[in-house]
Structure formats: structure tokens, C-alpha cells
file final-v5.tsv (TSV, C-alpha atoms)
chain	number	residue	atom	x	y	z
A	1	MET	CA	17.35	-7.08	-33.64
A	2	LEU	CA	13.64	-6.43	-33.15
A	3	GLU	CA	13.83	-8.83	-30.24
A	4	ILE	CA	16.47	-6.67	-28.53
A	5	ILE	CA	14.43	-3.50	-29.04
A	6	VAL	CA	11.35	-5.13	-27.52
A	7	GLN	CA	13.43	-6.33	-24.58
A	8	LEU	CA	14.93	-2.86	-24.08
A	9	ALA	CA	11.54	-1.16	-24.11
A	10	ALA	CA	9.91	-3.79	-21.91
A	11	SER	CA	12.65	-3.73	-19.28
A	12	PHE	CA	12.68	0.07	-19.21
A	13	ILE	CA	8.92	0.26	-18.66
A	14	ALA	CA	9.00	-2.57	-16.13
A	15	SER	CA	11.75	-0.98	-14.02
A	16	ALA	CA	10.28	2.51	-14.15
A	17	GLY	CA	6.86	1.04	-13.40
A	18	PHE	CA	8.29	-0.59	-10.32
A	19	GLY	CA	9.54	2.84	-9.33
A	20	VAL	CA	5.90	4.00	-9.45
A	21	LEU	CA	4.74	1.03	-7.34
A	22	PHE	CA	7.38	1.82	-4.72
A	23	ASN	CA	6.46	5.50	-4.83
A	24	ALA	CA	9.90	6.64	-5.97
A	25	PRO	CA	10.45	10.38	-6.48
A	26	LYS	CA	9.17	11.46	-9.90
A	27	LYS	CA	12.53	12.75	-11.08
A	28	SER	CA	14.25	9.45	-10.40
A	29	LEU	CA	11.86	7.32	-12.47
A	30	ILE	CA	13.83	7.63	-15.71
A	31	PRO	CA	17.20	6.80	-14.11
A	32	CYS	CA	15.47	3.86	-12.38
A	33	GLY	CA	14.22	2.62	-15.74
A	34	LEU	CA	17.63	3.05	-17.35
A	35	VAL	CA	19.42	1.15	-14.58
A	36	GLY	CA	16.93	-1.71	-14.86
A	37	MET	CA	17.11	-1.70	-18.66
A	38	ILE	CA	20.93	-1.87	-18.84
A	39	GLY	CA	21.09	-4.56	-16.17
A	40	TRP	CA	18.45	-6.67	-17.90
A	41	ILE	CA	19.97	-6.35	-21.39
A	42	PHE	CA	23.34	-7.37	-20.01
A	43	PHE	CA	21.74	-10.43	-18.39
A	44	TYR	CA	19.78	-11.22	-21.56
A	45	THR	CA	22.86	-11.04	-23.78
A	46	LEU	CA	24.92	-13.16	-21.41
A	47	THR	CA	22.29	-15.89	-21.26
A	48	ASN	CA	21.97	-15.78	-25.06
A	49	TYR	CA	25.71	-16.50	-25.24
A	50	GLN	CA	25.14	-19.62	-23.10
A	51	VAL	CA	26.61	-18.16	-19.91
A	52	ASP	CA	25.35	-19.99	-16.83
A	53	ILE	CA	22.23	-18.31	-15.48
A	54	VAL	CA	23.61	-17.93	-11.93
A	55	ALA	CA	26.81	-16.29	-13.17
A	56	ALA	CA	24.83	-14.06	-15.52
A	57	THR	CA	22.59	-12.94	-12.65
A	58	ALA	CA	25.62	-12.15	-10.48
A	59	PHE	CA	27.32	-10.13	-13.23
A	60	ALA	CA	24.14	-8.24	-14.07
A	61	ALA	CA	23.58	-7.49	-10.39
A	62	ILE	CA	27.12	-6.13	-10.14
A	63	LEU	CA	26.43	-3.89	-13.13
A	64	VAL	CA	23.14	-2.74	-11.59
A	65	SER	CA	24.79	-1.92	-8.30
A	66	ILE	CA	27.59	0.06	-9.95
A	67	LEU	CA	25.07	2.03	-12.03
A	68	SER	CA	22.94	2.68	-8.95
A	69	GLN	CA	25.99	3.94	-7.11
A	70	VAL	CA	26.72	6.34	-9.96
A	71	CYS	CA	23.08	7.53	-10.09
A	72	SER	CA	22.90	8.03	-6.34
A	73	ARG	CA	26.10	10.09	-6.38
A	74	ILE	CA	25.05	12.24	-9.31
A	75	LEU	CA	21.45	12.80	-8.22
A	76	LYS	CA	22.28	12.86	-4.48
A	77	ARG	CA	19.51	10.45	-3.55
A	78	PRO	CA	19.57	7.27	-1.45
A	79	ILE	CA	21.02	4.39	-3.45
A	80	ILE	CA	18.14	2.08	-2.48
A	81	ILE	CA	15.83	3.90	-4.93
A	82	PHE	CA	17.88	2.75	-7.89
A	83	THR	CA	18.96	-0.71	-6.74
A	84	VAL	CA	15.42	-1.85	-5.99
A	85	SER	CA	14.02	-1.12	-9.43
A	86	GLY	CA	17.19	-2.29	-11.13
A	87	ILE	CA	17.36	-5.62	-9.32
A	88	ILE	CA	13.69	-6.55	-9.81
A	89	PRO	CA	14.07	-7.93	-13.38
A	90	LEU	CA	16.81	-10.27	-12.11
A	91	VAL	CA	14.61	-11.77	-9.38
A	92	PRO	CA	14.11	-15.41	-10.40
A	93	GLY	CA	10.32	-15.20	-10.62
A	94	GLY	CA	10.01	-17.73	-13.40
A	95	VAL	CA	12.12	-20.41	-11.75
A	96	ALA	CA	10.40	-19.88	-8.40
A	97	TYR	CA	7.05	-20.21	-10.12
A	98	ASN	CA	8.04	-23.47	-11.78
A	99	ALA	CA	9.39	-24.82	-8.50
A	100	MET	CA	6.12	-24.02	-6.78
A	101	ARG	CA	4.06	-25.50	-9.56
A	102	ASN	CA	5.99	-28.74	-9.38
A	103	PHE	CA	5.38	-28.85	-5.64
A	104	VAL	CA	1.66	-28.54	-6.28
A	105	GLU	CA	1.80	-31.28	-8.89
A	106	ASN	CA	3.56	-33.60	-6.40
A	107	ASP	CA	6.71	-33.75	-8.51
A	108	TYR	CA	9.00	-33.14	-5.54
A	109	ASN	CA	12.26	-34.11	-7.25
A	110	THR	CA	11.98	-31.42	-9.90
A	111	ALA	CA	10.59	-28.97	-7.36
A	112	ILE	CA	13.56	-29.33	-5.03
A	113	GLN	CA	16.02	-29.01	-7.91
A	114	LEU	CA	14.33	-25.79	-9.00
A	115	SER	CA	14.22	-24.46	-5.43
A	116	ALA	CA	17.96	-25.01	-5.12
A	117	GLN	CA	18.40	-23.02	-8.31
A	118	VAL	CA	16.29	-20.20	-6.89
A	119	MET	CA	18.53	-20.12	-3.81
A	120	LEU	CA	21.64	-19.94	-5.99
A	121	LEU	CA	20.14	-17.13	-8.07
A	122	ALA	CA	19.28	-15.19	-4.92
A	123	GLY	CA	22.87	-15.71	-3.80
A	124	GLY	CA	24.04	-14.29	-7.13
A	125	ILE	CA	21.98	-11.16	-6.57
A	126	ALA	CA	23.40	-10.85	-3.05
A	127	ILE	CA	26.97	-11.03	-4.38
A	128	GLY	CA	26.18	-8.34	-6.91
A	129	LEU	CA	24.70	-6.04	-4.29
A	130	MET	CA	27.65	-6.66	-1.98
A	131	PHE	CA	29.95	-5.52	-4.73
A	132	SER	CA	28.43	-2.04	-4.73
A	133	GLN	CA	29.09	-1.73	-1.01
A	134	VAL	CA	32.73	-2.73	-1.61
A	135	ILE	CA	33.15	-0.12	-4.34
A	136	ASN	CA	31.43	2.51	-2.22
A	137	GLN	CA	33.77	1.90	0.69
A	138	ILE	CA	36.87	1.91	-1.50
A	139	MET	CA	35.80	5.18	-3.12
A	140	THR	CA	35.10	6.82	0.25
A	141	LYS	CA	38.47	5.68	1.59
A	142	LEU	CA	40.24	7.00	-1.51
A	143	GLN	CA	38.50	10.36	-1.19
A	144	LYS	CA	39.54	10.58	2.45
A	145	ALA	CA	43.10	9.64	1.55
A	146	LYS	CA	43.19	12.46	-1.03
A	147	GLN	CA	42.14	14.99	1.55
B	148	MET	CA	12.13	30.16	20.45
B	149	SER	CA	11.66	26.44	20.35
B	150	LYS	CA	8.66	24.90	22.01
B	151	PRO	CA	9.65	23.30	25.31
B	152	SER	CA	8.14	19.98	24.34
B	153	VAL	CA	10.33	19.47	21.27
B	154	THR	CA	13.57	17.76	22.16
B	155	VAL	CA	16.41	16.29	20.15
B	156	GLU	CA	15.29	12.77	21.02
B	157	LYS	CA	11.84	13.47	19.68
B	158	ILE	CA	13.16	14.68	16.33
B	159	CYS	CA	15.55	11.78	15.97
B	160	LEU	CA	12.87	9.23	16.80
B	161	LEU	CA	10.35	10.81	14.45
B	162	ALA	CA	12.84	10.90	11.59
B	163	GLY	CA	13.78	7.29	12.27
B	164	LYS	CA	10.15	6.24	12.48
B	165	ILE	CA	9.23	7.77	9.14
B	166	MET	CA	12.20	6.13	7.45
B	167	LEU	CA	11.64	2.69	8.98
B	168	ALA	CA	7.92	2.75	8.23
B	169	SER	CA	8.73	3.58	4.60
B	170	GLY	CA	11.09	0.66	4.24
B	171	ALA	CA	14.55	2.20	4.54
B	172	GLU	CA	17.64	0.13	5.30
B	173	THR	CA	18.36	-0.14	9.02
B	174	TYR	CA	21.85	1.29	8.76
B	175	ARG	CA	20.52	4.34	6.94
B	176	VAL	CA	17.95	4.90	9.71
B	177	GLU	CA	20.54	4.67	12.46
B	178	ASP	CA	22.97	6.80	10.50
B	179	THR	CA	20.38	9.55	9.96
B	180	MET	CA	19.36	9.58	13.64
B	181	ASP	CA	22.97	9.82	14.77
B	182	ARG	CA	23.74	12.55	12.26
B	183	ILE	CA	20.79	14.69	13.38
B	184	ALA	CA	21.68	14.19	17.04
B	185	ARG	CA	25.33	15.09	16.49
B	186	CYS	CA	24.40	18.32	14.74
B	187	TYR	CA	22.47	19.41	17.84
B	188	GLY	CA	25.58	18.90	19.94
B	189	VAL	CA	24.96	15.39	21.25
B	190	GLU	CA	28.39	13.81	21.45
B	191	ASN	CA	27.63	10.15	21.81
B	192	PRO	CA	24.17	9.31	20.47
B	193	GLN	CA	23.11	5.69	20.66
B	194	SER	CA	20.50	4.42	18.24
B	195	TYR	CA	19.26	0.95	17.56
B	196	ALA	CA	16.67	0.15	14.94
B	197	THR	CA	14.94	-3.12	14.19
B	198	LEU	CA	12.07	-3.84	11.85
B	199	THR	CA	9.44	-3.32	14.56
B	200	GLY	CA	10.92	-0.83	16.99
B	201	LEU	CA	13.39	2.01	17.52
B	202	HIS	CA	15.60	2.74	20.51
B	203	PHE	CA	17.42	5.98	21.04
B	204	SER	CA	19.37	7.51	23.88
B	205	LEU	CA	21.50	10.64	24.05
B	206	ASP	CA	24.32	8.89	25.83
B	207	TYR	CA	24.95	5.30	26.73
B	208	THR	CA	24.24	5.86	30.39
B	209	SER	CA	21.25	8.18	29.96
B	210	SER	CA	17.72	6.91	29.79
B	211	SER	CA	16.67	5.28	26.57
B	212	TYR	CA	13.58	6.08	24.50
B	213	PHE	CA	11.58	3.57	22.59
B	214	LEU	CA	9.19	3.83	19.69
B	215	ARG	CA	7.07	1.00	18.31
B	216	ILE	CA	6.63	0.63	14.55
B	217	THR	CA	3.39	-1.09	13.70
B	218	LYS	CA	2.59	-0.29	10.08
B	219	ARG	CA	5.20	-0.66	7.38
B	220	ALA	CA	4.90	0.18	3.73
B	221	THR	CA	7.16	0.91	0.80
B	222	ASP	CA	7.58	4.59	0.09
B	223	LEU	CA	10.89	5.54	-1.49
B	224	HIS	CA	9.76	9.13	-1.77
B	225	LYS	CA	9.55	9.58	2.00
B	226	ILE	CA	12.96	7.99	2.53
B	227	ASP	CA	14.39	10.43	0.05
B	228	GLU	CA	12.64	13.42	1.66
B	229	VAL	CA	13.81	12.56	5.18
B	230	ASN	CA	17.28	12.05	3.80
B	231	GLN	CA	17.25	15.52	2.22
B	232	LEU	CA	15.74	17.06	5.34
B	233	SER	CA	18.42	15.54	7.54
B	234	ARG	CA	21.07	17.06	5.28
B	235	GLU	CA	19.33	20.44	5.56
B	236	ILE	CA	19.10	20.15	9.34
B	237	VAL	CA	22.80	19.40	9.55
B	238	ALA	CA	23.78	22.12	7.09
B	239	HIS	CA	21.70	24.99	8.48
B	240	GLN	CA	21.50	24.07	12.17
B	241	MET	CA	17.73	24.27	11.85
B	242	PRO	CA	15.84	25.24	15.06
B	243	LEU	CA	14.30	22.24	16.78
B	244	SER	CA	10.69	23.32	16.35
B	245	THR	CA	11.07	23.99	12.60
B	246	ALA	CA	12.67	20.61	12.08
B	247	TYR	CA	9.89	18.96	14.07
B	248	ASP	CA	7.16	20.71	12.10
B	249	LYS	CA	8.77	19.78	8.80
B	250	LEU	CA	9.04	16.13	9.85
B	251	LYS	CA	5.42	16.10	11.01
B	252	ALA	CA	4.34	17.50	7.64
B	253	LEU	CA	6.42	14.84	5.90
B	254	GLU	CA	4.84	12.08	7.93
B	255	LYS	CA	1.37	13.06	6.74
B	256	ASN	CA	2.53	13.41	3.15
B	257	VAL	CA	0.23	11.66	0.70
B	258	PRO	CA	1.72	9.32	-1.92
B	259	THR	CA	2.97	10.94	-5.10
B	260	PHE	CA	1.06	8.63	-7.38
B	261	SER	CA	-2.67	8.02	-7.21
B	262	LEU	CA	-4.04	4.52	-6.79
B	263	SER	CA	-5.34	4.34	-10.35
B	264	PHE	CA	-1.94	5.35	-11.71
B	265	GLN	CA	-0.27	2.70	-9.56
B	266	VAL	CA	-2.66	0.04	-10.83
B	267	LEU	CA	-1.95	1.15	-14.39
B	268	ALA	CA	1.78	0.91	-13.70
B	269	ALA	CA	1.31	-2.55	-12.19
B	270	ALA	CA	-0.58	-3.63	-15.30
B	271	LEU	CA	2.16	-2.36	-17.61
B	272	VAL	CA	4.86	-3.92	-15.44
B	273	SER	CA	3.11	-7.29	-15.65
B	274	GLY	CA	2.75	-7.15	-19.41
B	275	CYS	CA	6.37	-6.14	-19.89
B	276	PHE	CA	7.64	-8.86	-17.57
B	277	SER	CA	5.75	-11.54	-19.42
B	278	LEU	CA	7.46	-10.34	-22.62
B	279	MET	CA	10.86	-10.28	-20.91
B	280	PHE	CA	10.57	-13.77	-19.49
B	281	GLY	CA	9.91	-15.26	-22.91
B	282	GLY	CA	6.22	-14.66	-23.51
B	283	ILE	CA	4.82	-13.68	-26.87
B	284	TRP	CA	2.71	-10.63	-27.74
B	285	LEU	CA	-0.47	-12.67	-27.21
B	286	ASP	CA	0.44	-12.90	-23.52
B	287	PHE	CA	0.83	-9.15	-23.10
B	288	LEU	CA	-2.79	-8.10	-22.60
B	289	PRO	CA	-3.91	-11.01	-20.39
B	290	ALA	CA	-0.83	-10.42	-18.21
B	291	CYS	CA	-1.67	-6.71	-17.98
B	292	LEU	CA	-5.23	-7.50	-16.95
B	293	ALA	CA	-4.29	-10.15	-14.39
B	294	GLY	CA	-1.43	-8.09	-12.97
B	295	GLY	CA	-3.45	-4.90	-12.61
B	296	ILE	CA	-6.40	-6.61	-10.94
B	297	GLY	CA	-4.11	-8.71	-8.75
B	298	TYR	CA	-2.30	-5.61	-7.51
B	299	LEU	CA	-5.56	-3.76	-6.89
B	300	THR	CA	-6.86	-6.74	-4.92
B	301	MET	CA	-3.71	-6.80	-2.83
B	302	ILE	CA	-3.99	-3.11	-1.97
B	303	LEU	CA	-7.70	-3.33	-1.12
B	304	PHE	CA	-7.24	-6.40	1.07
B	305	ASP	CA	-4.27	-4.76	2.75
B	306	LYS	CA	-6.52	-1.88	3.78
B	307	MET	CA	-9.35	-4.15	4.95
B	308	ILE	CA	-7.58	-6.97	6.79
B	309	GLU	CA	-4.92	-6.50	9.43
B	310	ILE	CA	-3.32	-9.92	8.92
B	311	ARG	CA	0.01	-9.78	7.15
B	312	PHE	CA	0.65	-11.90	4.05
B	313	LEU	CA	-3.07	-12.46	3.50
B	314	ALA	CA	-3.24	-9.54	1.06
B	315	GLU	CA	-0.48	-11.03	-1.07
B	316	PHE	CA	-2.19	-14.40	-0.93
B	317	PHE	CA	-5.50	-13.02	-2.22
B	318	GLY	CA	-3.72	-10.86	-4.80
B	319	ALA	CA	-1.92	-13.90	-6.15
B	320	SER	CA	-5.04	-16.04	-6.23
B	321	PHE	CA	-6.84	-13.33	-8.22
B	322	VAL	CA	-3.91	-13.27	-10.62
B	323	GLY	CA	-4.21	-17.03	-10.98
B	324	LEU	CA	-7.98	-16.93	-11.47
B	325	ILE	CA	-7.93	-14.20	-14.12
B	326	ALA	CA	-4.98	-15.69	-15.96
B	327	LEU	CA	-6.64	-19.07	-15.97
B	328	SER	CA	-9.98	-17.75	-17.22
B	329	CYS	CA	-8.29	-15.65	-19.93
B	330	PHE	CA	-6.32	-18.67	-21.02
B	331	SER	CA	-9.27	-21.03	-21.08
B	332	PHE	CA	-11.26	-18.53	-23.19
B	333	GLY	CA	-8.44	-18.55	-25.69
B	334	PHE	CA	-6.66	-15.29	-24.87
B	335	GLY	CA	-2.92	-15.68	-24.50
B	336	GLY	CA	-0.21	-18.00	-25.70
B	337	SER	CA	1.00	-19.68	-22.53
B	338	LEU	CA	-0.52	-19.68	-19.06
B	339	GLU	CA	2.90	-19.84	-17.42
B	340	MET	CA	4.16	-16.63	-18.99
B	341	ILE	CA	0.96	-14.76	-18.11
B	342	ILE	CA	1.13	-15.80	-14.47
B	343	ILE	CA	4.88	-15.17	-14.09
B	344	GLY	CA	4.49	-11.67	-15.49
B	345	ALA	CA	1.35	-10.83	-13.56
B	346	VAL	CA	2.77	-11.98	-10.23
B	347	MET	CA	5.79	-9.68	-10.47
B	348	PRO	CA	4.12	-6.52	-8.99
B	349	LEU	CA	3.42	-8.53	-5.83
B	350	VAL	CA	7.05	-9.64	-5.41
B	351	PRO	CA	8.61	-8.10	-2.28
B	352	GLY	CA	11.50	-6.42	-4.06
B	353	LEU	CA	12.36	-3.86	-1.40
B	354	PRO	CA	12.51	-6.26	1.58
B	355	ILE	CA	14.71	-8.65	-0.42
B	356	THR	CA	17.21	-5.93	-1.33
B	357	ASN	CA	17.12	-4.45	2.14
B	358	ALA	CA	17.63	-7.82	3.79
B	359	ILE	CA	20.80	-8.38	1.80
B	360	ARG	CA	22.11	-4.86	2.41
B	361	ASP	CA	21.32	-5.02	6.13
B	362	LEU	CA	22.98	-8.39	6.57
B	363	MET	CA	26.10	-7.09	4.88
B	364	ALA	CA	26.13	-3.97	7.01
B	365	GLY	CA	26.15	-6.19	10.10
B	366	HIS	CA	22.56	-5.58	11.16
B	367	LEU	CA	21.85	-9.23	11.67
B	368	VAL	CA	18.56	-8.91	13.55
B	369	SER	CA	16.88	-6.68	10.95
B	370	GLY	CA	18.51	-8.50	8.05
B	371	VAL	CA	17.24	-11.89	9.12
B	372	SER	CA	13.77	-10.62	9.98
B	373	LYS	CA	13.46	-8.84	6.63
B	374	GLY	CA	14.65	-11.99	4.91
B	375	ILE	CA	11.98	-14.03	6.69
B	376	GLU	CA	9.38	-11.38	5.85
B	377	SER	CA	10.14	-11.59	2.15
B	378	LEU	CA	10.31	-15.37	2.27
B	379	LEU	CA	6.86	-15.54	3.86
B	380	THR	CA	5.51	-13.10	1.28
B	381	ALA	CA	6.91	-15.28	-1.49
B	382	VAL	CA	5.32	-18.34	0.09
B	383	ALA	CA	2.00	-16.49	0.32
B	384	ILE	CA	2.16	-15.62	-3.38
B	385	GLY	CA	3.07	-19.19	-4.24
B	386	ALA	CA	0.21	-20.55	-2.14
B	387	GLY	CA	-2.23	-18.13	-3.79
B	388	ILE	CA	-1.34	-19.44	-7.23
B	389	ALA	CA	-1.16	-23.03	-6.02
B	390	ILE	CA	-4.71	-22.91	-4.66
B	391	VAL	CA	-6.03	-21.89	-8.06
B	392	TYR	CA	-4.12	-24.76	-9.65
B	393	GLY	CA	-5.45	-27.06	-6.96
B	394	PHE	CA	-9.07	-26.21	-7.73
B	395	PHE	CA	-8.76	-26.02	-11.49
B	396	PRO	CA	-6.05	-28.43	-12.64
B	397	VAL	CA	-4.74	-27.58	-16.09
call {"tool": "encode", "arguments": {"input": "final-v5.tsv", "output": "C-alpha cells"}}
result
Amino acid sequence: MLEIIVQLAASFIASAGFGVLFNAPKKSLIPCGLVGMIGWIFFYTLTNYQVDIVAATAFAAILVSILSQVCSRILKRPIIIFTVSGIIPLVPGGVAYNAMRNFVENDYNTAIQLSAQVMLLAGGIAIGLMFSQVINQIMTKLQKAKQ
Amino acid sequence: MSKPSVTVEKICLLAGKIMLASGAETYRVEDTMDRIARCYGVENPQSYATLTGLHFSLDYTSSSYFLRITKRATDLHKIDEVNQLSREIVAHQMPLSTAYDKLKALEKNVPTFSLSFQVLAAALVSGCFSLMFGGIWLDFLPACLAGGIGYLTMILFDKMIEIRFLAEFFGASFVGLIALSCFSFGFGGSLEMIIIGAVMPLVPGLPITNAIRDLMAGHLVSGVSKGIESLLTAVAIGAGIAIVYGFFPV
């Protein structure tokens, strides 16, 4: 339980902190942090339940993109503000680091395996982000149909 | 009323330039330029934005204007402001000169957060990431220290040297150096977790997201070039860490 609380706090600060690094508007820092926090906790829980890391990344990215869409509609700000800080925790920094380290240590077999995993994880993030575009377009079409 | 020198093209190009230089998605830039032009009665505006330059013409047979983008940074605040301003322009049919003055003021706008606050944020981000990626509390402070100094180094080098990717390289090698020295003096639980956390503020998050969004919106040229940009940045970070490992094998 304590673990989860630490993870929640850390991911909130990390995402909001990224908002500061990218010079996001002050009022959007807390929503940025919340989007990142929910996305990360979802990913964390999925991986704890032994879901494959690529699938978990894709699902978490979908969640992040939906939440960003909601935030951008409510706060009337460009969606990119929220997606960037929300996606950052899902970026496979650790795996990329290990891949690079193995390259340096001349262990090319492991390094290439890890690099392939990095590519797959990036693909998972891309699928998640694409999903938000799909939802956005469907919602806009529905609104037009209503009018 | 309006100054003779201010034209619709000028406003559109300026708005597009501010957005592109702050790291907005290409389709948003083109969309904003078209929207502003349409509100001033231009029926068929043509805009084309890439990572390094902007084209705009009032009609597809009229002469085309070009603007070069040399310096790019990440500034979500400016993107947001231009976005709001473009809505205002469209809603109130703002006179050309007022719109131009407002855009000019926006362009000069200083960042919301001071450098020291950004470095502090980078330090906190690094510490938190090392906890999130499986580090223990012992890793928190060394990661904060390495991340903050690494980010500061990157910003300082970025101001001093005009070569792209070199700033990230030096930032990453400082991260590696500080993490390694902390670790060898007995601060921190695992070197890996410290470095992974501390490198995160250097990661090109915005170009990665933008590359994906641009590619999906059909802007292949900008999407691919942004993808390459973030890939090269990642390689620079990796090389920065690798050099430290190369000199001081653990």
C-alpha cells in the first residue's frame, strides 16, 4: 500500500515537473500531473499483474490520451500540453539505457534484443496516441451530426 | 487605422513562426494560420509548415511568402497563448495592427519559470523517476543532484554552443560523472537507477509526441524529421553516458 502511495506521489511530481521544464501554463500544471499520475499507476498495476510490458504501455498511453482529450476540452487548451507530460513516464528510458549499456560493454546480442523492445514500446505509445485522435474525430463527427 | 506595412500574410507568418519555434505540432500551426487568414476574408489560404521553414500564400496562384525558422525550443506556454490569441482574433475580428502588436509582444515573452526553478523541477523529476523505475530511497538524492546538474549543464551549453545535440551530450555525460562519483563514494543503492532517473529531464519528450502526432495527421516531412531529431537526441544522451562508462568501467 505504501508502495502505491509513493508511486502516486512520485509520478504526480514527475509529470508536473515536466510541465515546468516544458514551460507549460501555470494553471495546467496540476492537470498535467494528474494525467501523468493516473497513466503511470495504470501501467504500474498492469505490470504488477504480469501483463506484457508492451501491452501495458499501449493501454496506459490510450488512457493518457483520453484523459488529455478531456482536459483539453474542459480547460480549452491545446491537447499537446497534457499528452506530453502524461506520456513521459511511459517512455522506455530504463530499457533504452540497458540497451545502450550493453552496446558499450560489447554484448551486442543482449543490446539488440533490448533495442527491439524499445522499438516495440515506442510503437505501443504511438498506438495509444493514435487512439486519442480517433476518439477526437469521432466526437467531432457526432457533434456535427447532432447539429 | 491599420499601419500600411501590416498585412494578413505578415500576421499569419508571425503566428506560425512563434508556434513552430515553440514546438507546436505542424498541423496545429497550419490550422492556426489558415484560421487567421480566413477570418480576414482570405478565401483560399495555402500554408505549408516544416520543422525549419514556413510557406504561406493567400491563394494558390498568388505569390508565396517564406519564413526561415532557425532556433527551436520547447515552450508550451507560447503555443497556448498563440492558440488563445488566434481564437480572439477570429471571434472579435481584431484590427490587423492590434493583432500584430499582440503577436510581437508574445514573441518577446519571457519564460514563465525562472532558470533556478526549472533546475529545481528537473532535480525533483529525476529523483521521482528513479523511485518510479524501481529505485530505493537511497537513490533519490543522488538522482536529484545528478539530474539537476545535468539539466543545468545542458541549458548552459545550449546557450554557448550552436551545434545541436552537443548540449544533450554534455548534459548526459555530467549526469554520468556525478552519478558515478556519488555511487563510488557510497551514496545511493544502484548506479543504474540513479542514471535512468537523472537522464529523464534530457529526454526529448515533446519531439517524440509531436513526431507521432504529425505522422498520423499526414505531415510526413515534419513527422519524419522530428522523429530523426528525437532519435539523434536519444543517441547523444546515450553516447554521453557511454563515454563515462568507457573511461571509468564499473
call {"tool": "closest_residue", "arguments": {"input": "final-v5.tsv", "among": "A:Thr110, A:Gly124, A:Ala55, A:Ala61", "to": "Val84 of chain A", "atoms": "only C-alpha atoms"}}
result
A:Ala61
call {"tool": "interface_residues", "arguments": {"input": "final-v5.tsv", "of": "chain A", "to": "chain B", "cutoff": "8 Å", "atoms": "all atoms listed in the file", "output": "JSON, numbers by chain"}}
result
{"A": [7, 10, 11, 13, 14, 15, 17, 18, 20, 21, 22, 23, 24, 25, 26, 77, 78, 80, 81, 83, 84, 85, 87, 88, 89, 93, 94, 97, 100, 101, 104, 126, 129, 130]}
call {"tool": "atom_distance", "arguments": {"input": "final-v5.tsv", "atom1": "atom CA of Met37 of chain A", "atom2": "atom CA of Leu8 of chain A"}}
result
6.0 Å
call {"tool": "atom_distance", "arguments": {"input": "final-v5.tsv", "atom1": "atom CA of Gly188 of chain B", "atom2": "atom CA of Val155 of chain B"}}
result
9.5 Å
call {"tool": "atom_distance", "arguments": {"input": "final-v5.tsv", "atom1": "atom CA of Ala99 of chain A", "atom2": "atom CA of Gln113 of chain A"}}
result
7.9 Å
call {"tool": "residues_near_point", "arguments": {"input": "final-v5.tsv", "point": "(23.2, 8.9, -15.5)", "cutoff": "12 Å", "atoms": "all atoms listed in the file", "output": "list in words"}}
result
Ser28, Leu29, Ile30, Pro31, Cys32, Gly33, Leu34, Val35, Ile38, Ile66, Leu67, Ser68, Gln69, Val70, Cys71, Ser72, Arg73, Ile74, Leu75, Lys76 and Phe82 of chain A
call {"tool": "closest_residue", "arguments": {"input": "final-v5.tsv", "among": "B:Phe316, B:Tyr187, B:Leu205, B:Arg311", "to": "Gln240 of chain B", "atoms": "all atoms listed in the file"}}
result
B:Tyr187
call {"tool": "decode", "arguments": {"input": "final-v5.tsv", "residues": "segment 12-28 of chain A", "atoms": "N, CA and C atoms", "output": "compact mmCIF listing (two decimals), in the first residue's frame"}}
result
# COMPACT_ATOMS: atom_id res chain seq x y z
N PHE A 12 3.12 11.96 -9.85
CA PHE A 12 2.49 13.28 -9.93
C PHE A 12 3.56 14.36 -10.03
N ILE A 13 4.55 14.29 -9.11
CA ILE A 13 5.60 15.32 -9.12
C ILE A 13 6.38 15.26 -10.42
N ALA A 14 6.68 14.05 -10.89
CA ALA A 14 7.47 13.93 -12.12
C ALA A 14 6.74 14.54 -13.30
N SER A 15 5.44 14.24 -13.43
CA SER A 15 4.71 14.77 -14.59
C SER A 15 4.54 16.28 -14.50
N ALA A 16 4.19 16.77 -13.32
CA ALA A 16 4.03 18.21 -13.17
C ALA A 16 5.38 18.91 -13.36
N GLY A 17 6.45 18.27 -12.88
CA GLY A 17 7.78 18.83 -13.05
C GLY A 17 8.15 18.93 -14.52
N PHE A 18 7.74 17.93 -15.28
CA PHE A 18 7.99 18.02 -16.71
C PHE A 18 7.22 19.17 -17.34
N GLY A 19 6.03 19.44 -16.79
CA GLY A 19 5.29 20.61 -17.24
C GLY A 19 6.11 21.87 -17.05
N VAL A 20 6.81 21.97 -15.90
CA VAL A 20 7.66 23.14 -15.64
C VAL A 20 8.81 23.20 -16.65
N LEU A 21 9.44 22.05 -16.92
CA LEU A 21 10.57 22.03 -17.86
C LEU A 21 10.12 22.46 -19.25
N PHE A 22 8.90 22.10 -19.64
CA PHE A 22 8.40 22.47 -20.96
C PHE A 22 7.68 23.80 -20.94
N ASN A 23 7.76 24.50 -19.80
CA ASN A 23 7.18 25.83 -19.70
C ASN A 23 5.67 25.81 -19.96
N ALA A 24 4.97 24.86 -19.38
CA ALA A 24 3.53 24.78 -19.55
C ALA A 24 2.87 25.91 -18.77
N PRO A 25 1.68 26.34 -19.17
CA PRO A 25 0.99 27.39 -18.41
C PRO A 25 0.78 26.94 -16.97
N LYS A 26 0.92 27.91 -16.03
CA LYS A 26 0.89 27.57 -14.61
C LYS A 26 -0.38 26.82 -14.23
N LYS A 27 -1.52 27.25 -14.78
CA LYS A 27 -2.79 26.67 -14.36
C LYS A 27 -2.94 25.22 -14.82
N SER A 28 -2.13 24.83 -15.82
CA SER A 28 -2.33 23.47 -16.33
C SER A 28 -1.38 22.48 -15.67
